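The structure appears below as structure tokens.
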Amino acid sequence: MWRSTINPAAVFDSVQFGFSQAVVTEGGRTIRISGQVGWDAERRLAGEDLESQLAAAMGNLDAVLAAAGATLAHVASLRIYVVEAAAADLAPVGRVLRRSFPTDPPAATWLVVRGLADPGLLVEVEAAAVVP
């Protein structure tokens, strides 16, 4: 198997939040994707809430992966940046991740940051994917 997740019982159940503790990959080519945000191609914001912006960012991530010959299933790790103003309730992050990765989710780190490149942005997602 080229990609497998590791979720040992000795640590908390991260799958309920939409990510795995670790992902092991073997062979293939690695794709590193720049941070994706909730903008469409014309830089229109998907919405003013965390869930709609993250869903749009994941759609952008999926589009970039497709252009590289990959899918969300190839994602090995994510780094998710959430601005302080939206960090009081991170439940939307888990919901979007569970929808995007219904089985064997990637490893992920969630970070709370003061701000992003544009004041309207609430979240940014960067990823690494491995294609066998």
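Residues are referred to by chain and number: the chain letter is A, B, ... according to the order shown in the structure tokens, the number counts from 1 in that chain, and ligands are numbered separately from 1 in the order shown.
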Determine, using only C-alpha atoms, which residues of stretch 62-104 of chain A have any atom at most 10 Å from an atom of stretch 46-54 of chain A, and tabulate each with its shortest atom pair and distance in Å to one decimal place, rows ordered by chain and then rising number, as CSV.
residue,atom,partner,partner_atom,distance
A:Ile80,CA,A:Leu54,CA,9.3
A:Val82,CA,A:Leu50,CA,8.3
A:Val83,CA,A:Leu50,CA,9.4
A:Ala85,CA,A:Leu50,CA,9.8
A:Ala86,CA,A:Leu50,CA,6.5
A:Ala87,CA,A:Leu50,CA,8.9
A:Asp89,CA,A:Leu50,CA,9.0
A:Leu90,CA,A:Leu50,CA,8.4
A:Ala91,CA,A:Glu51,CA,8.8
A:Pro92,CA,A:Glu51,CA,5.1
A:Val93,CA,A:Glu51,CA,6.7
A:Gly94,CA,A:Glu51,CA,9.4
A:Arg95,CA,A:Glu51,CA,8.1
A:Val96,CA,A:Glu51,CA,6.9
A:Leu97,CA,A:Leu54,CA,9.0
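DSSP, applied to the backbone of this structure, assigns strand (DSSP E) to the following residues of stretch 1-80 of chain A: Arg3, Ser4, Thr5, Ile6, Ala22, Val23, Val24, Thr25, Arg29, Thr30, Ile31, Arg32, Ile33, Ser34, Gly35, Gln36, Val75, Ala76, Ser77, Leu78, Arg79 and Ile80 of chain A.
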List as an NGL selection string the protein and nucleic acid residues near A:Gly59, meaning an atom at most 9 Å away when only C-alpha atoms are counted, but skip any in the same chain fewer than 4 places from it.
:A and (36 or 38 or 54-55 or 63-64)
Writing out the chosen residues with N, CA and C atoms as a CSV table (one decimal), in the first residue's frame:
chain,number,residue,atom,x,y,z
A,36,GLN,N,-4.3,27.6,0.2
A,36,GLN,CA,-5.6,27.9,-0.5
A,36,GLN,C,-6.6,28.6,0.5
A,38,GLY,N,-10.6,30.9,0.7
A,38,GLY,CA,-12.0,30.9,0.3
A,38,GLY,C,-12.3,31.8,-0.8
A,54,LEU,N,-13.7,27.7,4.5
A,54,LEU,CA,-12.9,26.5,4.4
A,54,LEU,C,-13.4,25.5,3.4
A,55,ALA,N,-14.7,25.4,3.2
A,55,ALA,CA,-15.2,24.5,2.1
A,55,ALA,C,-14.7,25.0,0.8
A,63,ALA,N,-9.1,21.4,-6.9
A,63,ALA,CA,-8.9,21.9,-8.2
A,63,ALA,C,-7.4,21.9,-8.6
A,64,VAL,N,-6.6,22.3,-7.6
A,64,VAL,CA,-5.1,22.4,-7.9
A,64,VAL,C,-4.6,20.9,-8.0
(message) Env of A:Ile6: 7 Å cut, atoms = only C-alpha atoms, seq-sep filter 6 positions within chain, self excluded. Answer as a PyMOL selection string.
(response) chain A and resi 20-23
List the spatial neighbours of A:Ala128 as a PDB file with all heavy atoms, in the first residue's frame - criterion: any atom at most 10 Å away, only C-alpha atoms, same-chain residues fewer than 2 positions off excluded.
ATOM      1  N   THR A  30       5.705  13.631  -4.854  1.00  0.00           N
ATOM      2  CA  THR A  30       5.114  14.508  -3.851  1.00  0.00           C
ATOM      3  C   THR A  30       4.706  15.823  -4.499  1.00  0.00           C
ATOM      4  O   THR A  30       5.446  16.400  -5.288  1.00  0.00           O
ATOM      5  CB  THR A  30       6.120  14.776  -2.714  1.00  0.00           C
ATOM      6  OG1 THR A  30       6.509  13.532  -2.151  1.00  0.00           O
ATOM      7  CG2 THR A  30       5.509  15.651  -1.637  1.00  0.00           C
ATOM      8  N   ILE A  31       3.514  16.269  -4.135  1.00  0.00           N
ATOM      9  CA  ILE A  31       2.987  17.552  -4.599  1.00  0.00           C
ATOM     10  C   ILE A  31       2.794  18.421  -3.363  1.00  0.00           C
ATOM     11  O   ILE A  31       2.110  18.022  -2.428  1.00  0.00           O
ATOM     12  CB  ILE A  31       1.638  17.371  -5.326  1.00  0.00           C
ATOM     13  CG1 ILE A  31       1.757  16.362  -6.456  1.00  0.00           C
ATOM     14  CG2 ILE A  31       1.123  18.714  -5.830  1.00  0.00           C
ATOM     15  CD1 ILE A  31       0.416  15.872  -6.973  1.00  0.00           C
ATOM     16  N   ARG A  32       3.416  19.579  -3.363  1.00  0.00           N
ATOM     17  CA  ARG A  32       3.244  20.527  -2.261  1.00  0.00           C
ATOM     18  C   ARG A  32       2.398  21.687  -2.765  1.00  0.00           C
ATOM     19  O   ARG A  32       2.776  22.346  -3.733  1.00  0.00           O
ATOM     20  CB  ARG A  32       4.603  21.006  -1.758  1.00  0.00           C
ATOM     21  CG  ARG A  32       5.351  19.897  -1.037  1.00  0.00           C
ATOM     22  CD  ARG A  32       6.758  20.305  -0.647  1.00  0.00           C
ATOM     23  NE  ARG A  32       7.479  19.215  -0.034  1.00  0.00           N
ATOM     24  CZ  ARG A  32       8.075  18.222  -0.693  1.00  0.00           C
ATOM     25  NH1 ARG A  32       8.025  18.191  -2.011  1.00  0.00           N
ATOM     26  NH2 ARG A  32       8.704  17.265  -0.044  1.00  0.00           N
ATOM     27  N   ILE A  33       1.268  21.901  -2.097  1.00  0.00           N
ATOM     28  CA  ILE A  33       0.292  22.879  -2.561  1.00  0.00           C
ATOM     29  C   ILE A  33       0.341  24.119  -1.678  1.00  0.00           C
ATOM     30  O   ILE A  33       0.249  24.032  -0.450  1.00  0.00           O
ATOM     31  CB  ILE A  33      -1.132  22.285  -2.562  1.00  0.00           C
ATOM     32  CG1 ILE A  33      -1.197  21.065  -3.496  1.00  0.00           C
ATOM     33  CG2 ILE A  33      -2.149  23.314  -3.025  1.00  0.00           C
ATOM     34  CD1 ILE A  33      -1.012  19.770  -2.820  1.00  0.00           C
ATOM     35  N   SER A  34       0.477  25.270  -2.310  1.00  0.00           N
ATOM     36  CA  SER A  34       0.457  26.547  -1.588  1.00  0.00           C
ATOM     37  C   SER A  34      -0.860  26.711  -0.851  1.00  0.00           C
ATOM     38  O   SER A  34      -1.861  26.079  -1.182  1.00  0.00           O
ATOM     39  CB  SER A  34       0.602  27.704  -2.580  1.00  0.00           C
ATOM     40  OG  SER A  34       1.877  27.685  -3.163  1.00  0.00           O
ATOM     41  N   LEU A  65      -5.054  20.053  -7.075  1.00  0.00           N
ATOM     42  CA  LEU A  65      -4.646  18.643  -7.133  1.00  0.00           C
ATOM     43  C   LEU A  65      -5.034  18.021  -8.468  1.00  0.00           C
ATOM     44  O   LEU A  65      -4.237  17.295  -9.080  1.00  0.00           O
ATOM     45  CB  LEU A  65      -5.277  17.859  -5.979  1.00  0.00           C
ATOM     46  CG  LEU A  65      -4.684  18.130  -4.603  1.00  0.00           C
ATOM     47  CD1 LEU A  65      -5.620  17.617  -3.515  1.00  0.00           C
ATOM     48  CD2 LEU A  65      -3.311  17.485  -4.481  1.00  0.00           C
ATOM     49  N   HIS A  74      -5.176  11.696  -2.211  1.00  0.00           N
ATOM     50  CA  HIS A  74      -3.718  11.638  -2.237  1.00  0.00           C
ATOM     51  C   HIS A  74      -3.068  12.535  -1.176  1.00  0.00           C
ATOM     52  O   HIS A  74      -1.849  12.495  -0.985  1.00  0.00           O
ATOM     53  CB  HIS A  74      -3.188  12.037  -3.614  1.00  0.00           C
ATOM     54  CG  HIS A  74      -3.563  11.073  -4.690  1.00  0.00           C
ATOM     55  ND1 HIS A  74      -4.549  11.338  -5.617  1.00  0.00           N
ATOM     56  CD2 HIS A  74      -3.105   9.838  -4.960  1.00  0.00           C
ATOM     57  CE1 HIS A  74      -4.671  10.305  -6.427  1.00  0.00           C
ATOM     58  NE2 HIS A  74      -3.807   9.370  -6.041  1.00  0.00           N
ATOM     59  N   VAL A  75      -3.858  13.351  -0.482  1.00  0.00           N
ATOM     60  CA  VAL A  75      -3.310  14.280   0.506  1.00  0.00           C
ATOM     61  C   VAL A  75      -2.772  13.500   1.698  1.00  0.00           C
ATOM     62  O   VAL A  75      -3.468  12.693   2.306  1.00  0.00           O
ATOM     63  CB  VAL A  75      -4.364  15.315   0.954  1.00  0.00           C
ATOM     64  CG1 VAL A  75      -3.838  16.178   2.088  1.00  0.00           C
ATOM     65  CG2 VAL A  75      -4.776  16.188  -0.233  1.00  0.00           C
ATOM     66  N   ALA A  76      -1.512  13.756   2.037  1.00  0.00           N
ATOM     67  CA  ALA A  76      -0.873  13.105   3.181  1.00  0.00           C
ATOM     68  C   ALA A  76      -0.899  13.999   4.411  1.00  0.00           C
ATOM     69  O   ALA A  76      -0.992  13.512   5.535  1.00  0.00           O
ATOM     70  CB  ALA A  76       0.571  12.731   2.840  1.00  0.00           C
ATOM     71  N   SER A  77      -0.816  15.332   4.211  1.00  0.00           N
ATOM     72  CA  SER A  77      -0.822  16.230   5.362  1.00  0.00           C
ATOM     73  C   SER A  77      -1.398  17.590   4.994  1.00  0.00           C
ATOM     74  O   SER A  77      -1.315  18.026   3.842  1.00  0.00           O
ATOM     75  CB  SER A  77       0.582  16.390   5.943  1.00  0.00           C
ATOM     76  OG  SER A  77       1.431  17.024   5.022  1.00  0.00           O
ATOM     77  N   LEU A  78      -1.953  18.233   6.016  1.00  0.00           N
ATOM     78  CA  LEU A  78      -2.522  19.573   5.887  1.00  0.00           C
ATOM     79  C   LEU A  78      -1.969  20.463   6.990  1.00  0.00           C
ATOM     80  O   LEU A  78      -1.682  19.992   8.090  1.00  0.00           O
ATOM     81  CB  LEU A  78      -4.047  19.537   6.087  1.00  0.00           C
ATOM     82  CG  LEU A  78      -4.896  18.779   5.099  1.00  0.00           C
ATOM     83  CD1 LEU A  78      -6.329  18.674   5.635  1.00  0.00           C
ATOM     84  CD2 LEU A  78      -4.883  19.458   3.749  1.00  0.00           C
ATOM     85  N   ARG A  79      -1.870  21.728   6.686  1.00  0.00           N
ATOM     86  CA  ARG A  79      -1.600  22.742   7.700  1.00  0.00           C
ATOM     87  C   ARG A  79      -2.716  23.766   7.528  1.00  0.00           C
ATOM     88  O   ARG A  79      -2.869  24.346   6.449  1.00  0.00           O
ATOM     89  CB  ARG A  79      -0.232  23.373   7.506  1.00  0.00           C
ATOM     90  CG  ARG A  79       0.180  24.211   8.703  1.00  0.00           C
ATOM     91  CD  ARG A  79       1.646  24.602   8.690  1.00  0.00           C
ATOM     92  NE  ARG A  79       2.481  23.422   8.870  1.00  0.00           N
ATOM     93  CZ  ARG A  79       3.550  23.128   8.122  1.00  0.00           C
ATOM     94  NH1 ARG A  79       3.923  23.926   7.147  1.00  0.00           N
ATOM     95  NH2 ARG A  79       4.254  22.050   8.353  1.00  0.00           N
ATOM     96  N   PRO A 106      -5.986  12.710   6.171  1.00  0.00           N
ATOM     97  CA  PRO A 106      -4.559  13.029   6.264  1.00  0.00           C
ATOM     98  C   PRO A 106      -4.179  13.482   7.672  1.00  0.00           C
ATOM     99  O   PRO A 106      -5.038  13.797   8.501  1.00  0.00           O
ATOM    100  CB  PRO A 106      -4.405  14.190   5.273  1.00  0.00           C
ATOM    101  CG  PRO A 106      -5.735  14.853   5.271  1.00  0.00           C
ATOM    102  CD  PRO A 106      -6.733  13.733   5.437  1.00  0.00           C
ATOM    103  N   ALA A 107      -2.892  13.542   7.914  1.00  0.00           N
ATOM    104  CA  ALA A 107      -2.387  14.177   9.124  1.00  0.00           C
ATOM    105  C   ALA A 107      -2.641  15.673   8.986  1.00  0.00           C
ATOM    106  O   ALA A 107      -2.695  16.199   7.873  1.00  0.00           O
ATOM    107  CB  ALA A 107      -0.894  13.891   9.274  1.00  0.00           C
ATOM    108  N   GLU A 126      -2.772  24.690   3.555  1.00  0.00           N
ATOM    109  CA  GLU A 126      -1.679  24.236   2.691  1.00  0.00           C
ATOM    110  C   GLU A 126      -1.597  22.721   2.831  1.00  0.00           C
ATOM    111  O   GLU A 126      -2.012  22.161   3.846  1.00  0.00           O
ATOM    112  CB  GLU A 126      -0.394  24.975   3.011  1.00  0.00           C
ATOM    113  CG  GLU A 126       0.594  24.310   3.855  1.00  0.00           C
ATOM    114  CD  GLU A 126       1.783  25.199   4.198  1.00  0.00           C
ATOM    115  OE1 GLU A 126       1.634  26.369   4.578  1.00  0.00           O
ATOM    116  OE2 GLU A 126       2.898  24.668   4.112  1.00  0.00           O
ATOM    117  N   VAL A 130       0.797  12.830  -2.066  1.00  0.00           N
ATOM    118  CA  VAL A 130       1.701  11.858  -2.680  1.00  0.00           C
ATOM    119  C   VAL A 130       0.893  11.015  -3.661  1.00  0.00           C
ATOM    120  O   VAL A 130      -0.136  10.446  -3.303  1.00  0.00           O
ATOM    121  CB  VAL A 130       2.366  10.959  -1.611  1.00  0.00           C
ATOM    122  CG1 VAL A 130       3.259   9.920  -2.281  1.00  0.00           C
ATOM    123  CG2 VAL A 130       3.166  11.797  -0.633  1.00  0.00           C
TER     124      VAL A 130
END
Which polymer residues have any atom within 10 Å of an atom of A:Arg29, counting only C-alpha atoms, with same-chain residues fewer than 6 positions away left out, as number ranges by chain?
A: 129-132
Save the residues we just selected, N, CA and C atoms, as a compact mmCIF listing (two decimals), in the first residue's frame?
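What ended up in selection36.txt:
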# COMPACT_ATOMS: atom_id res chain seq x y z
N ALA A 129 0.68 16.23 -0.93
CA ALA A 129 0.03 15.02 -1.44
C ALA A 129 1.09 14.12 -2.06
N VAL A 130 0.80 12.83 -2.07
CA VAL A 130 1.70 11.86 -2.68
C VAL A 130 0.89 11.02 -3.66
N VAL A 131 1.37 10.96 -4.90
CA VAL A 131 0.71 10.20 -5.95
C VAL A 131 1.57 8.99 -6.28
N PRO A 132 1.00 7.78 -6.18
CA PRO A 132 1.81 6.57 -6.44
C PRO A 132 2.27 6.48 -7.89
So which residues touch stretch 98-105 of chain A within 7 Å, counting only C-alpha atoms, skipping near sequence neighbours fewer than 5 positions away, as a PDB file with N, CA, C and O atoms, in the first residue's frame?
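Resulting contents of out_13.pdb:
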ATOM      1  N   THR A   5      -2.736   5.263   7.063  1.00  0.00           N
ATOM      2  CA  THR A   5      -2.881   6.148   8.210  1.00  0.00           C
ATOM      3  C   THR A   5      -2.543   5.402   9.489  1.00  0.00           C
ATOM      4  O   THR A   5      -2.691   4.183   9.570  1.00  0.00           O
ATOM      5  N   GLY A  18     -11.500  14.853  11.931  1.00  0.00           N
ATOM      6  CA  GLY A  18     -11.245  14.871  10.499  1.00  0.00           C
ATOM      7  C   GLY A  18      -9.795  14.723  10.082  1.00  0.00           C
ATOM      8  O   GLY A  18      -9.457  14.997   8.941  1.00  0.00           O
ATOM      9  N   PHE A  19      -8.914  14.287  11.008  1.00  0.00           N
ATOM     10  CA  PHE A  19      -7.523  14.071  10.614  1.00  0.00           C
ATOM     11  C   PHE A  19      -6.938  12.873  11.351  1.00  0.00           C
ATOM     12  O   PHE A  19      -7.460  12.439  12.371  1.00  0.00           O
ATOM     13  N   SER A  20      -5.870  12.316  10.782  1.00  0.00           N
ATOM     14  CA  SER A  20      -5.166  11.184  11.377  1.00  0.00           C
ATOM     15  C   SER A  20      -3.939  11.664  12.129  1.00  0.00           C
ATOM     16  O   SER A  20      -3.423  12.753  11.862  1.00  0.00           O
TER      17      SER A  20
END
